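This report refers to the structure that appears directly beneath it.
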Amino acid sequence: MNESMRNARKQWNKLKGKGVRAHLDYIFEYYKGWLFAAACVIFLAAYIINMAVTRKDNVLNVFMLNAAGAQYNTDAEASKFMEENGLDRNKQQVIFDDIAYLTPGGIANSNDMAAAEKVTVYAANGDIDVFIADAYNFYYYSDTDLFADLRDVLTSRELEQYKDSIYYVDRKDIEERQAYAETDDAVNAKPDYEAAAAYEKKDSFRRPDPSKMQDPLPLGIIVTDAPYIRNNELYPETVAILGFASQGKNKENALRFLEYLYK
């Protein structure tokens with residue numbers, strides 16, 4: 001018998017007749033390391049089982065960048081959408097995210113950096129199905145792979161339905177911005193916040209004309225006047241543009257959400 005076991009037996013013999021509390025105190029003191037490890041294993045197992053039992057299928061992720069609706073309740077609105085579209089709240093979930101704010105014109109502070117990183121991570125993980133943003137930031141992200149070409153998402157009938165609201169970006173412009181981003185000039189450039197603000201204001205915004213582009217790409221739909229956007233005052237001063245994420249996993253419900261905006 002090794003020394004530790006011999007000492008343990010001696011201690012246990014000393015506890016005879018001293019009641020349950022003394023035995024419990026000794027067990028906790030002597031075996032607390034093992035007890036802690038066992039408790040962690042049990043907790044982890046319970047957590048995994050709970051997640052498996054209560055996990056809900058994520059059937060739509062709507063990301064609203066720079067939304068301004070002070071009274072907008074994302075959870076309540078997501079629940080309304082689920083109810084109106086016959087989704088099962090016990091087994092499914094819809095997420096409306098309107099927290100992030102990114103200064104139009106470029107990253108100005110740590111909050112902007114956090115917002116930009118959030119968009120990047122969510123998009124890469126396929127956790128964005130619908131992306132709505134103020135006009136400048138939609139343009140800002142149009143030279144990435146965030147947005148799907150509307151011709152790959154909408155039917156010909158739907159493209160015709162929204163033709164007067166489609167937001168185009170010239171492929172040539174995208175390629176030029178991507179090339180510029182690799183230069184020292186881009187690194188040292190100072191953001192023009194005034195120009196960005198002017199670009200997206202409702203009274204000064206001009207929808208890009210695809211007839212003047214070499215290779216126009218339909219990447220978004222201007223939804224500023226959609227009843228849902230207007231009634232909830234989500235973008236009261238700026239133009240709002242909606243796009244479908246290229247890595248989105250819930251195309252059907254994303255299209256339902258577009259229709260929902262106009263009810």
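Please note that chains go A, B, ... in the order of the structure tokens, that every chain numbers its residues from 1, and that ligands are numbered from 1 in the order shown.
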Could you give me, as a ChimeraX atom specification, the residues within 10 Å of segment 138-148 of chain A, counting only C-alpha atoms and dropping anything in the same chain fewer than 5 positions from it?
/A:65,104-106,116,119-120,123-124,126,128-133,153,167-171,173-178,200,217-220,239-248
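Taking only segment 151-256 of chain A, the residues that DSSP calls strand (DSSP E or B) from the backbone come to Ile166, Tyr167, Tyr168, Val169, Asp170, Lys201, Pro216, Leu217, Pro218, Leu219, Gly220, Ile221, Ile222, Thr238, Ala240, Ile241, Leu242, Gly243, Phe244 and Ala245 of chain A.
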Can you pull out every residue from segment 113-193 of chain A that DSSP, working from the backbone, puts in alpha helix (DSSP H), and format the result as a ChimeraX atom specification?
/A:113-124,135-141,156-161,171-180,184-188,193
Between atom CA of Asp75 of chain A and atom CA of Asp134 of chain A, what is the distance, to one decimal in Å?
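It comes out at 21.7 Å.
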Non-local contacts of Leu255 of chain A (9 Å; only C-alpha atoms; under 3 positions in same chain excluded) as a count of residues only
10
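Among the candidates A:Met213, A:Val94, A:Leu261, A:Met82, the one nearest to Lys56 of chain A when counting only C-alpha atoms is A:Val94.
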Nearest to Lys202 of chain A among A:Arg256, A:Ala135, A:Gln214, A:Leu234, with distances taken over only C-alpha atoms: which residue is it?
A:Ala135
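Comparing A:Asn231, A:Gln161, A:Lys249, A:Ala114 by their smallest distance to Gln71 of chain A, the closest is A:Asn231 (using only C-alpha atoms).
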